[in-house]
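> Before we start, here is the structure in question, set down as structure tokens.
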Amino acid sequence: MIQAVRGTRDVLPDEVAVWHRMEAAARGLFARYGYREIRTPVFEETDLFARGIGAETDIVAKEMYTFADRDGGSLTLRPEATAGIVRAVIEHSLLTSDPALKIYSLGPMFRRERPQKGRYRQFHQVDVEAFGFVSPTIDAEVIELALAYLDACGVSEHELVLNSVGDRHCRPAYVQLLREALRDRAPSMCPDCRRRADTNPLRVLDCKVKEDQPTIETLPRITDHLCAGCAAHFAEVCRQLELLGIPYRLDHRLVRGLDYYVRTTFEVTSGRLGAQSSVLGGGRYDGLVKDLGGPDAAGIGFAVGLERLALLVPPREVEGRCDVFLMPLAAAGLDRALRLQRELRQSGLAAMLDPEGRSFKSRMKQADKLGARFVAILGDDEIARGVWTVRDMARSEQQDVPEEGILDHLKEKANA
Ligand code: ATP
Ligand code: MG
């Protein structure tokens, strides 16, 4: 038997209501903040990610699904959304007509990581990006939007973690400091830290290995090395969050895994998720559009992991999937039932019948399972009397309804 590829999962009909809720919440909410949807391809030229995310990042170095196209080009399944969106923004000159561009996207991402709870090789993200805004007000708004989105999905237990990682003026000097501080410390640290100490020292701060924690605490902190511009920008982001009544925790070790981040970085975690506790992450990426060949436009955004969010969305009462279940019991009733089924569906109701002609009992069971609100029965006796028997399932009441009035009767009842 062929099974789903390791690290991928099926969203089954019983779970799909949660997915619809997450998608509908995104569309409804983001529109109110002025964001419009963009849909980009799931694969791109490999170079886009190598240049956009950074060759030394874990994603590019270890996690990409890259394959040779038949003509020899190198393609990659997108591991995240921002690079592709930036490519599209530049390619279609979207910033020319709208220098303050707000867009969002939904869709699958692909990373070859070790699968575990909350970590898959194909997963889904909701992605929000705002281009052309340098003011700290947009940082606060984007963060507020991220939290409002969780709220709209019914998720309230979470923590916002915040940091500033500096910019092109102050970060290089800090990274150099870090590299120097790591020179004698790294040899006693974990293999990942040893590797990152030189190639990507910022990522050492992200290390979760217990034995390394005391060492990491002795490293210089970016917070103490921000330039005046970054420090003022970050202070204003924090002030505006306070103004909006949004609690946060500062964490000088929150650096995020992608090279393109500058200044504000943030993450929202939930204790209910276990080891993979981060439900969304984001930050500012002011140099990225220019790096990828576009205008010098600022950018900020976040990505929510939908598999993780789905674990937090509270289950809702199962909604009935059927307004009217038709039960033609006599062979002569089938044609009438088929026509009525079509008329009910045309008038916007969910109508179903069992074309297999099973027993009355098993059909009643089916009606129950579908959550049918009304069952309309047409047996020999009803045909002889020119009526349908209509059963109101919630009230356990039934009545005769004349054939001529059955459509209007059911419409009226079902829409009441
Ligand atoms: P993590 O620290 O959990 O590896 P990340 O920093 O790699 O996360 P981002 O690249 O910022 O994550 O992606 C944003 C969100 O996408 C994460 O907060 C998470 O909810 C989700 N996500 C990332 N990788 C995966 C994955 N392999 N499977 C499921 N969800 C994922
Ligand atoms: Mg990751």
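Ligands are numbered from 1 in the order shown, chains are lettered A, B, ... in the order of the structure tokens, and residues start at 1 in each chain.
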Ligand 2: which residues are within 12 Å, counting only C-alpha atoms and all ligand atoms, as a PyMOL selection string?

chain A and resi 57-60+62-64+79-80+109-115+118-121+123+203+206-207+256-258+276-281+303+305

> Run DSSP on the backbone and tell me which residues of stretch 9-123 of chain A come out as alpha helix (DSSP H); list them as number ranges by chain.

A: 16-32, 46-53, 58, 82-91, 94-97

> Output N, CA, C and O atoms of each residue in that selection to a file, as a compact mmCIF listing (two decimals), in the first residue's frame.


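Output below, filename out_23.txt:
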```txt
# COMPACT_ATOMS: atom_id res chain seq x y z
N VAL A 16 -11.61 19.68 8.47
CA VAL A 16 -11.48 20.79 7.52
C VAL A 16 -12.18 22.06 8.00
O VAL A 16 -11.81 23.17 7.60
N ALA A 17 -13.14 21.90 8.91
CA ALA A 17 -13.85 23.09 9.42
C ALA A 17 -12.86 24.06 10.07
O ALA A 17 -12.97 25.28 9.90
N VAL A 18 -11.88 23.52 10.79
CA VAL A 18 -10.86 24.36 11.43
C VAL A 18 -10.05 25.11 10.37
O VAL A 18 -9.74 26.29 10.51
N TRP A 19 -9.72 24.41 9.30
CA TRP A 19 -8.94 25.05 8.22
C TRP A 19 -9.75 26.14 7.54
O TRP A 19 -9.25 27.22 7.24
N HIS A 20 -11.04 25.87 7.32
CA HIS A 20 -11.89 26.92 6.73
C HIS A 20 -11.93 28.14 7.64
O HIS A 20 -11.88 29.27 7.18
N ARG A 21 -12.01 27.88 8.94
CA ARG A 21 -12.08 28.98 9.89
C ARG A 21 -10.80 29.83 9.83
O ARG A 21 -10.85 31.05 9.81
N MET A 22 -9.63 29.15 9.81
CA MET A 22 -8.36 29.88 9.77
C MET A 22 -8.25 30.69 8.48
O MET A 22 -7.75 31.83 8.48
N GLU A 23 -8.70 30.10 7.38
CA GLU A 23 -8.60 30.80 6.08
C GLU A 23 -9.58 31.97 6.01
O GLU A 23 -9.23 33.06 5.56
N ALA A 24 -10.80 31.73 6.48
CA ALA A 24 -11.81 32.80 6.43
C ALA A 24 -11.41 33.95 7.36
O ALA A 24 -11.57 35.12 7.02
N ALA A 25 -10.86 33.61 8.53
CA ALA A 25 -10.44 34.65 9.47
C ALA A 25 -9.35 35.51 8.83
O ALA A 25 -9.35 36.73 8.96
N ALA A 26 -8.43 34.88 8.12
CA ALA A 26 -7.35 35.63 7.47
C ALA A 26 -7.94 36.59 6.44
O ALA A 26 -7.65 37.80 6.45
N ARG A 27 -8.77 36.09 5.56
CA ARG A 27 -9.32 36.92 4.49
C ARG A 27 -10.13 38.09 5.05
O ARG A 27 -9.99 39.23 4.61
N GLY A 28 -10.97 37.79 6.04
CA GLY A 28 -11.83 38.82 6.60
C GLY A 28 -11.04 39.89 7.32
O GLY A 28 -11.20 41.09 7.07
N LEU A 29 -10.12 39.45 8.16
CA LEU A 29 -9.38 40.39 9.00
C LEU A 29 -8.39 41.23 8.20
O LEU A 29 -8.32 42.45 8.33
N PHE A 30 -7.61 40.57 7.34
CA PHE A 30 -6.55 41.28 6.63
C PHE A 30 -7.14 42.37 5.73
O PHE A 30 -6.56 43.43 5.56
N ALA A 31 -8.30 42.09 5.15
CA ALA A 31 -8.95 43.09 4.30
C ALA A 31 -9.24 44.36 5.10
O ALA A 31 -9.09 45.47 4.60
N ARG A 32 -9.63 44.18 6.37
CA ARG A 32 -9.96 45.34 7.20
C ARG A 32 -8.73 46.19 7.51
O ARG A 32 -8.83 47.35 7.88
N THR A 46 16.06 28.28 -7.81
CA THR A 46 16.77 28.04 -6.55
C THR A 46 17.52 29.29 -6.08
O THR A 46 17.55 29.60 -4.89
N ASP A 47 18.10 30.02 -7.02
CA ASP A 47 18.87 31.24 -6.70
C ASP A 47 18.09 32.24 -5.88
O ASP A 47 18.66 32.95 -5.06
N LEU A 48 16.79 32.31 -6.12
CA LEU A 48 15.96 33.29 -5.40
C LEU A 48 16.08 33.05 -3.89
O LEU A 48 16.24 33.99 -3.11
N PHE A 49 16.00 31.79 -3.48
CA PHE A 49 16.06 31.49 -2.04
C PHE A 49 17.48 31.60 -1.52
O PHE A 49 17.70 32.06 -0.40
N ALA A 50 18.45 31.16 -2.32
CA ALA A 50 19.84 31.26 -1.88
C ALA A 50 20.19 32.73 -1.61
O ALA A 50 20.79 33.07 -0.60
N ARG A 51 19.75 33.62 -2.53
CA ARG A 51 20.05 35.04 -2.35
C ARG A 51 19.13 35.69 -1.34
O ARG A 51 19.53 36.55 -0.57
N GLY A 52 17.87 35.29 -1.32
CA GLY A 52 16.88 35.96 -0.49
C GLY A 52 16.94 35.55 0.97
O GLY A 52 16.76 36.37 1.86
N ILE A 53 17.16 34.28 1.24
CA ILE A 53 17.13 33.79 2.62
C ILE A 53 18.52 33.78 3.22
O ILE A 53 18.69 34.03 4.41
N ASP A 58 20.00 27.64 7.97
CA ASP A 58 19.62 26.23 8.00
C ASP A 58 18.70 25.88 6.85
O ASP A 58 18.83 24.84 6.22
N THR A 82 8.15 34.78 1.72
CA THR A 82 8.57 36.16 1.48
C THR A 82 9.40 36.33 0.20
O THR A 82 9.15 37.25 -0.58
N ALA A 83 10.36 35.43 -0.01
CA ALA A 83 11.23 35.60 -1.18
C ALA A 83 10.42 35.61 -2.48
O ALA A 83 10.63 36.46 -3.36
N GLY A 84 9.48 34.68 -2.61
CA GLY A 84 8.65 34.62 -3.82
C GLY A 84 7.77 35.85 -3.97
O GLY A 84 7.57 36.36 -5.08
N ILE A 85 7.24 36.32 -2.85
CA ILE A 85 6.39 37.52 -2.90
C ILE A 85 7.22 38.73 -3.33
O ILE A 85 6.81 39.50 -4.19
N VAL A 86 8.42 38.85 -2.77
CA VAL A 86 9.29 39.97 -3.14
C VAL A 86 9.65 39.88 -4.63
O VAL A 86 9.61 40.88 -5.36
N ARG A 87 9.92 38.67 -5.09
CA ARG A 87 10.20 38.49 -6.51
C ARG A 87 9.03 38.98 -7.35
O ARG A 87 9.20 39.72 -8.33
N ALA A 88 7.82 38.62 -6.97
CA ALA A 88 6.63 39.02 -7.73
C ALA A 88 6.41 40.55 -7.66
O ALA A 88 6.05 41.18 -8.65
N VAL A 89 6.65 41.12 -6.49
CA VAL A 89 6.49 42.56 -6.32
C VAL A 89 7.42 43.32 -7.26
O VAL A 89 7.04 44.30 -7.90
N ILE A 90 8.66 42.83 -7.37
CA ILE A 90 9.63 43.48 -8.25
C ILE A 90 9.26 43.23 -9.71
O ILE A 90 9.20 44.15 -10.53
N GLU A 91 8.98 41.98 -10.03
CA GLU A 91 8.72 41.60 -11.42
C GLU A 91 7.53 42.37 -12.00
O GLU A 91 7.53 42.73 -13.17
N LEU A 94 4.98 46.32 -8.58
CA LEU A 94 3.82 46.66 -7.76
C LEU A 94 4.06 47.90 -6.90
O LEU A 94 3.11 48.60 -6.54
N LEU A 95 5.32 48.18 -6.59
CA LEU A 95 5.61 49.32 -5.73
C LEU A 95 5.55 50.64 -6.48
O LEU A 95 5.51 51.70 -5.87
N THR A 96 5.51 50.58 -7.82
CA THR A 96 5.40 51.82 -8.60
C THR A 96 4.00 52.39 -8.44
O THR A 96 3.82 53.58 -8.18
N SER A 97 3.00 51.53 -8.59
CA SER A 97 1.63 52.04 -8.48
C SER A 97 1.21 52.19 -7.03
O SER A 97 0.32 52.95 -6.71
```

> Return as a tab-separated table the residues of stretch 173-251 of chain A lying at most 12 Å from stretch 141-147 of chain A, together with the closest atom-to-atom pair for each and the distance in Å to one decimal, counting only C-alpha atoms, with rows in chain order and ascending residue number.


```
residue	atom	partner	partner_atom	distance
A:Val237	CA	A:Glu141	CA	9.2
A:Cys238	CA	A:Ile143	CA	10.7
A:Gln240	CA	A:Glu141	CA	8.8
A:Leu241	CA	A:Glu144	CA	7.8
A:Glu242	CA	A:Glu144	CA	10.9
A:Leu243	CA	A:Glu144	CA	11.3
A:Leu244	CA	A:Glu144	CA	8.2
A:Gly245	CA	A:Glu144	CA	9.7
A:Ile246	CA	A:Glu144	CA	7.6
A:Pro247	CA	A:Glu144	CA	10.5
A:Tyr248	CA	A:Ile143	CA	10.4
```

> Any chance you could list, as number ranges by chain, the residues in stretch 220-265 of chain A that come up strand (DSSP E) when DSSP is run on the backbone?

A: 249-250, 262-265

> Please produce an output containing all heavy atoms for each residue in the selection, written as a CSV table (one decimal), in the first residue's frame.


```csv
chain,number,residue,atom,x,y,z
A,249,ARG,N,7.1,40.3,25.9
A,249,ARG,CA,8.3,40.0,26.6
A,249,ARG,C,9.5,40.3,25.7
A,249,ARG,O,9.5,39.8,24.6
A,249,ARG,CB,8.3,38.5,27.1
A,249,ARG,CG,9.5,38.1,27.9
A,249,ARG,CD,9.3,36.7,28.5
A,249,ARG,NE,9.2,35.6,27.5
A,249,ARG,CZ,10.3,35.1,26.9
A,249,ARG,NH1,11.5,35.5,27.1
A,249,ARG,NH2,10.1,34.1,26.0
A,250,LEU,N,10.5,41.0,26.2
A,250,LEU,CA,11.7,41.2,25.4
A,250,LEU,C,12.7,40.0,25.6
A,250,LEU,O,12.8,39.5,26.7
A,250,LEU,CB,12.4,42.5,25.9
A,250,LEU,CG,11.7,43.8,25.7
A,250,LEU,CD1,12.5,45.0,26.3
A,250,LEU,CD2,11.3,44.0,24.3
A,262,VAL,N,16.1,42.7,9.8
A,262,VAL,CA,16.7,43.8,10.5
A,262,VAL,C,15.8,44.4,11.5
A,262,VAL,O,14.6,44.2,11.4
A,262,VAL,CB,17.2,44.9,9.5
A,262,VAL,CG1,18.2,44.4,8.5
A,262,VAL,CG2,16.0,45.4,8.7
A,263,ARG,N,16.3,45.1,12.5
A,263,ARG,CA,15.5,45.8,13.5
A,263,ARG,C,14.5,44.8,14.1
A,263,ARG,O,14.9,43.8,14.6
A,263,ARG,CB,14.8,47.0,12.9
A,263,ARG,CG,15.9,48.1,12.5
A,263,ARG,CD,15.3,49.4,12.2
A,263,ARG,NE,16.3,50.4,12.3
A,263,ARG,CZ,16.2,51.7,12.0
A,263,ARG,NH1,15.0,52.1,11.6
A,263,ARG,NH2,17.2,52.6,12.1
A,264,THR,N,13.2,45.2,14.1
A,264,THR,CA,12.2,44.4,14.9
A,264,THR,C,12.1,43.0,14.4
A,264,THR,O,11.9,42.7,13.2
A,264,THR,CB,10.8,45.1,14.7
A,264,THR,OG1,10.9,46.5,14.9
A,264,THR,CG2,9.8,44.5,15.7
A,265,THR,N,12.2,42.0,15.4
A,265,THR,CA,11.9,40.6,15.1
A,265,THR,C,10.9,40.2,16.2
A,265,THR,O,11.0,40.7,17.3
A,265,THR,CB,13.1,39.7,15.2
A,265,THR,OG1,13.7,39.9,16.4
A,265,THR,CG2,14.0,40.0,14.1
```

> Might you pull out every residue within 12 Å of stretch 347-356 of chain A, with only C-alpha atoms counted and same-chain residues fewer than 3 positions away left off, and present them as a ChimeraX atom specification?

/A:320-329,331,333-344,359-360,362-367,370-378,407-408,410-415

> Within 8 Å of stretch 213-219 of chain A, counting only C-alpha atoms, which residues show up once you throw out same-chain ones fewer than 2 positions away? Write them as a ChimeraX atom specification, please.

/A:178,181-182,185,204-205,207-211,221

> Produce a file of the selected residues containing all heavy atoms, as an mmCIF file, in the first residue's frame.


```cif
data_model
loop_
_atom_site.group_PDB
_atom_site.id
_atom_site.type_symbol
_atom_site.label_atom_id
_atom_site.label_comp_id
_atom_site.auth_asym_id
_atom_site.auth_seq_id
_atom_site.Cartn_x
_atom_site.Cartn_y
_atom_site.Cartn_z
ATOM 1 N N LEU A 178 30.532 38.990 18.510
ATOM 2 C CA LEU A 178 30.013 37.672 18.853
ATOM 3 C C LEU A 178 30.995 36.596 18.379
ATOM 4 O O LEU A 178 31.328 35.648 19.098
ATOM 5 C CB LEU A 178 28.658 37.505 18.160
ATOM 6 C CG LEU A 178 27.659 36.525 18.725
ATOM 7 C CD1 LEU A 178 27.404 36.796 20.189
ATOM 8 C CD2 LEU A 178 26.345 36.641 17.923
ATOM 9 N N ALA A 181 33.909 36.569 20.641
ATOM 10 C CA ALA A 181 33.569 35.973 21.936
ATOM 11 C C ALA A 181 33.425 34.464 21.824
ATOM 12 O O ALA A 181 33.674 33.724 22.781
ATOM 13 C CB ALA A 181 32.283 36.589 22.480
ATOM 14 N N LEU A 182 33.026 33.994 20.645
ATOM 15 C CA LEU A 182 32.800 32.556 20.466
ATOM 16 C C LEU A 182 34.091 31.793 20.195
ATOM 17 O O LEU A 182 34.125 30.563 20.327
ATOM 18 C CB LEU A 182 31.808 32.313 19.323
ATOM 19 C CG LEU A 182 30.333 32.525 19.694
ATOM 20 C CD1 LEU A 182 29.476 32.624 18.434
ATOM 21 C CD2 LEU A 182 29.834 31.392 20.591
ATOM 22 N N ARG A 185 35.012 30.013 23.191
ATOM 23 C CA ARG A 185 33.897 29.297 23.833
ATOM 24 C C ARG A 185 33.364 28.155 22.963
ATOM 25 O O ARG A 185 32.965 27.109 23.477
ATOM 26 C CB ARG A 185 32.754 30.266 24.112
ATOM 27 C CG ARG A 185 33.064 31.308 25.206
ATOM 28 C CD ARG A 185 31.874 32.246 25.303
ATOM 29 N NE ARG A 185 31.942 33.237 26.356
ATOM 30 C CZ ARG A 185 32.516 34.414 26.237
ATOM 31 N NH1 ARG A 185 33.134 34.745 25.120
ATOM 32 N NH2 ARG A 185 32.476 35.282 27.236
ATOM 33 N N VAL A 204 23.809 31.049 16.966
ATOM 34 C CA VAL A 204 24.215 30.410 18.225
ATOM 35 C C VAL A 204 23.232 30.814 19.332
ATOM 36 O O VAL A 204 22.899 30.024 20.209
ATOM 37 C CB VAL A 204 25.664 30.812 18.594
ATOM 38 C CG1 VAL A 204 26.016 30.376 20.006
ATOM 39 C CG2 VAL A 204 26.637 30.214 17.581
ATOM 40 N N LEU A 205 22.736 32.044 19.248
ATOM 41 C CA LEU A 205 21.817 32.536 20.270
ATOM 42 C C LEU A 205 20.523 31.742 20.308
ATOM 43 O O LEU A 205 19.786 31.758 21.285
ATOM 44 C CB LEU A 205 21.504 34.021 20.019
ATOM 45 C CG LEU A 205 22.723 34.952 19.997
ATOM 46 C CD1 LEU A 205 22.305 36.357 19.611
ATOM 47 C CD2 LEU A 205 23.400 34.954 21.363
ATOM 48 N N CYS A 207 20.347 28.490 19.968
ATOM 49 C CA CYS A 207 20.622 27.103 20.358
ATOM 50 C C CYS A 207 19.787 26.702 21.579
ATOM 51 O O CYS A 207 19.659 27.460 22.532
ATOM 52 C CB CYS A 207 22.108 26.942 20.675
ATOM 53 S SG CYS A 207 22.489 25.334 21.396
ATOM 54 N N LYS A 208 19.201 25.502 21.510
ATOM 55 C CA LYS A 208 18.346 25.060 22.611
ATOM 56 C C LYS A 208 19.053 24.007 23.485
ATOM 57 O O LYS A 208 18.480 23.535 24.465
ATOM 58 C CB LYS A 208 17.040 24.457 22.063
ATOM 59 C CG LYS A 208 16.266 25.370 21.119
ATOM 60 C CD LYS A 208 15.457 26.403 21.873
ATOM 61 C CE LYS A 208 14.586 27.308 21.031
ATOM 62 N NZ LYS A 208 15.048 27.787 19.747
ATOM 63 N N VAL A 209 20.273 23.626 23.129
ATOM 64 C CA VAL A 209 20.987 22.578 23.878
ATOM 65 C C VAL A 209 21.270 23.063 25.303
ATOM 66 O O VAL A 209 21.854 24.130 25.512
ATOM 67 C CB VAL A 209 22.306 22.205 23.162
ATOM 68 C CG1 VAL A 209 23.125 21.213 24.007
ATOM 69 C CG2 VAL A 209 22.009 21.623 21.786
ATOM 70 N N LYS A 210 20.852 22.249 26.278
ATOM 71 C CA LYS A 210 20.862 22.683 27.678
ATOM 72 C C LYS A 210 22.272 23.065 28.152
ATOM 73 O O LYS A 210 22.469 24.105 28.776
ATOM 74 C CB LYS A 210 20.288 21.552 28.544
ATOM 75 C CG LYS A 210 19.893 21.997 29.919
ATOM 76 C CD LYS A 210 18.941 20.990 30.572
ATOM 77 C CE LYS A 210 18.981 21.157 32.081
ATOM 78 N NZ LYS A 210 19.690 20.077 32.765
ATOM 79 N N GLU A 211 23.250 22.214 27.813
ATOM 80 C CA GLU A 211 24.619 22.424 28.304
ATOM 81 C C GLU A 211 25.213 23.737 27.798
ATOM 82 O O GLU A 211 26.141 24.286 28.397
ATOM 83 C CB GLU A 211 25.539 21.271 27.874
ATOM 84 C CG GLU A 211 25.245 19.933 28.546
ATOM 85 C CD GLU A 211 23.944 19.303 28.064
ATOM 86 O OE1 GLU A 211 23.557 19.544 26.890
ATOM 87 O OE2 GLU A 211 23.284 18.600 28.858
ATOM 88 N N ARG A 221 25.278 41.048 24.140
ATOM 89 C CA ARG A 221 23.874 41.132 23.742
ATOM 90 C C ARG A 221 23.675 42.214 22.696
ATOM 91 O O ARG A 221 24.155 43.329 22.871
ATOM 92 C CB ARG A 221 23.010 41.459 24.949
ATOM 93 C CG ARG A 221 23.170 40.432 26.032
ATOM 94 C CD ARG A 221 22.358 40.758 27.259
ATOM 95 N NE ARG A 221 22.388 39.587 28.123
ATOM 96 C CZ ARG A 221 21.479 39.319 29.057
ATOM 97 N NH1 ARG A 221 20.490 40.155 29.253
ATOM 98 N NH2 ARG A 221 21.589 38.235 29.787
#
```

> Go through stretch 144-195 of chain A residue by residue and, counting only C-alpha atoms, keep those with an atom at most 8 Å from stretch 311-318 of chain A; for each kept residue give the shortest atom pair and its distance in Å to one decimal, ordered by chain and increasing number, as a Markdown table.


```
| residue | atom | partner | partner_atom | distance |
| --- | --- | --- | --- | --- |
| A:Cys153 | CA | A:Val313 | CA | 6.1 |
| A:Gly154 | CA | A:Val313 | CA | 5.9 |
| A:Val155 | CA | A:Val313 | CA | 5.8 |
```

> What does the distance between atom CA of A:Leu162 and atom CA of A:Ala235 come to in Å, to one decimal place?

11.4 Å

> Quick one: everything within 7 Å of A:Tyr285, counting only C-alpha atoms, minus sequence neighbours fewer than 2 positions away in the same chain. Send it as an mmCIF file with N, CA, C and O atoms, in the first residue's frame.


```cif
data_model
loop_
_atom_site.group_PDB
_atom_site.id
_atom_site.type_symbol
_atom_site.label_atom_id
_atom_site.label_comp_id
_atom_site.auth_asym_id
_atom_site.auth_seq_id
_atom_site.Cartn_x
_atom_site.Cartn_y
_atom_site.Cartn_z
ATOM 1 N N TYR A 260 17.620 37.821 6.323
ATOM 2 C CA TYR A 260 17.187 39.132 5.861
ATOM 3 C C TYR A 260 16.592 40.028 6.936
ATOM 4 O O TYR A 260 16.307 41.187 6.693
ATOM 5 N N TYR A 261 16.389 39.515 8.127
ATOM 6 C CA TYR A 261 15.755 40.357 9.147
ATOM 7 C C TYR A 261 16.650 41.483 9.649
ATOM 8 O O TYR A 261 17.846 41.300 9.862
ATOM 9 N N VAL A 262 16.074 42.663 9.835
ATOM 10 C CA VAL A 262 16.738 43.788 10.497
ATOM 11 C C VAL A 262 15.765 44.390 11.504
ATOM 12 O O VAL A 262 14.556 44.192 11.418
ATOM 13 N N GLY A 283 9.223 39.780 11.199
ATOM 14 C CA GLY A 283 10.156 40.860 11.458
ATOM 15 C C GLY A 283 10.315 41.749 10.242
ATOM 16 O O GLY A 283 9.655 41.574 9.216
ATOM 17 N N GLY A 287 16.289 45.546 3.670
ATOM 18 C CA GLY A 287 17.197 45.511 2.520
ATOM 19 C C GLY A 287 16.832 44.494 1.452
ATOM 20 O O GLY A 287 17.426 44.457 0.371
ATOM 21 N N LEU A 288 15.835 43.655 1.742
ATOM 22 C CA LEU A 288 15.599 42.493 0.876
ATOM 23 C C LEU A 288 15.146 42.850 -0.537
ATOM 24 O O LEU A 288 15.615 42.268 -1.519
ATOM 25 N N ALA A 298 11.414 49.429 2.138
ATOM 26 C CA ALA A 298 11.391 48.706 3.405
ATOM 27 C C ALA A 298 10.367 47.579 3.344
ATOM 28 O O ALA A 298 9.482 47.569 2.488
ATOM 29 N N GLY A 299 10.490 46.628 4.245
ATOM 30 C CA GLY A 299 9.515 45.537 4.300
ATOM 31 C C GLY A 299 9.392 45.004 5.715
ATOM 32 O O GLY A 299 10.340 45.055 6.495
ATOM 33 N N ILE A 300 8.201 44.549 6.030
ATOM 34 C CA ILE A 300 8.005 43.899 7.332
ATOM 35 C C ILE A 300 6.856 42.909 7.182
ATOM 36 O O ILE A 300 5.923 43.154 6.403
#
```

> Kindly indicate which residue among A:Leu292, A:Ala197, A:Val134, A:Leu106 lies nearest to ligand 1, using only C-alpha atoms and all ligand atoms for the distances.

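Distance minimum relative to ligand 1 lands on A:Leu106.
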
> Please indicate the distance in Å from atom CA of A:Asp251 to atom 2 (O, counted along the ligand's line) of ligand 1, rounded to one decimal place.

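Between these atoms lies a distance of 14.5 Å.
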
> For the atom pair atom CA of A:Lys369 and atom CA of A:Ala330, what is the interatomic distance in Å to one decimal place?

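Spanning atom CA of A:Lys369 to atom CA of A:Ala330 is a straight-line distance of 22.8 Å.
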
> Identify which of the residues A:Leu101, A:Cys190, A:Leu75, A:Ala275 lies closest to ligand 1, counting only C-alpha atoms and all ligand atoms when measuring atom-to-atom distances.

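That would be A:Ala275, the residue with the smallest distance to ligand 1.
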
> Counting only C-alpha atoms and all ligand atoms, figure out which residue out of A:Ser156, A:Thr8, A:Thr40, A:Thr76 gets nearest to ligand 1.

A:Thr8

> Out of A:Asn163, A:Ser74, A:Gln399, A:Gln176, which residue has the shortest atom-to-atom distance to A:Gly282 when counting only C-alpha atoms?

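Closest to A:Gly282 of all the choices is A:Asn163.
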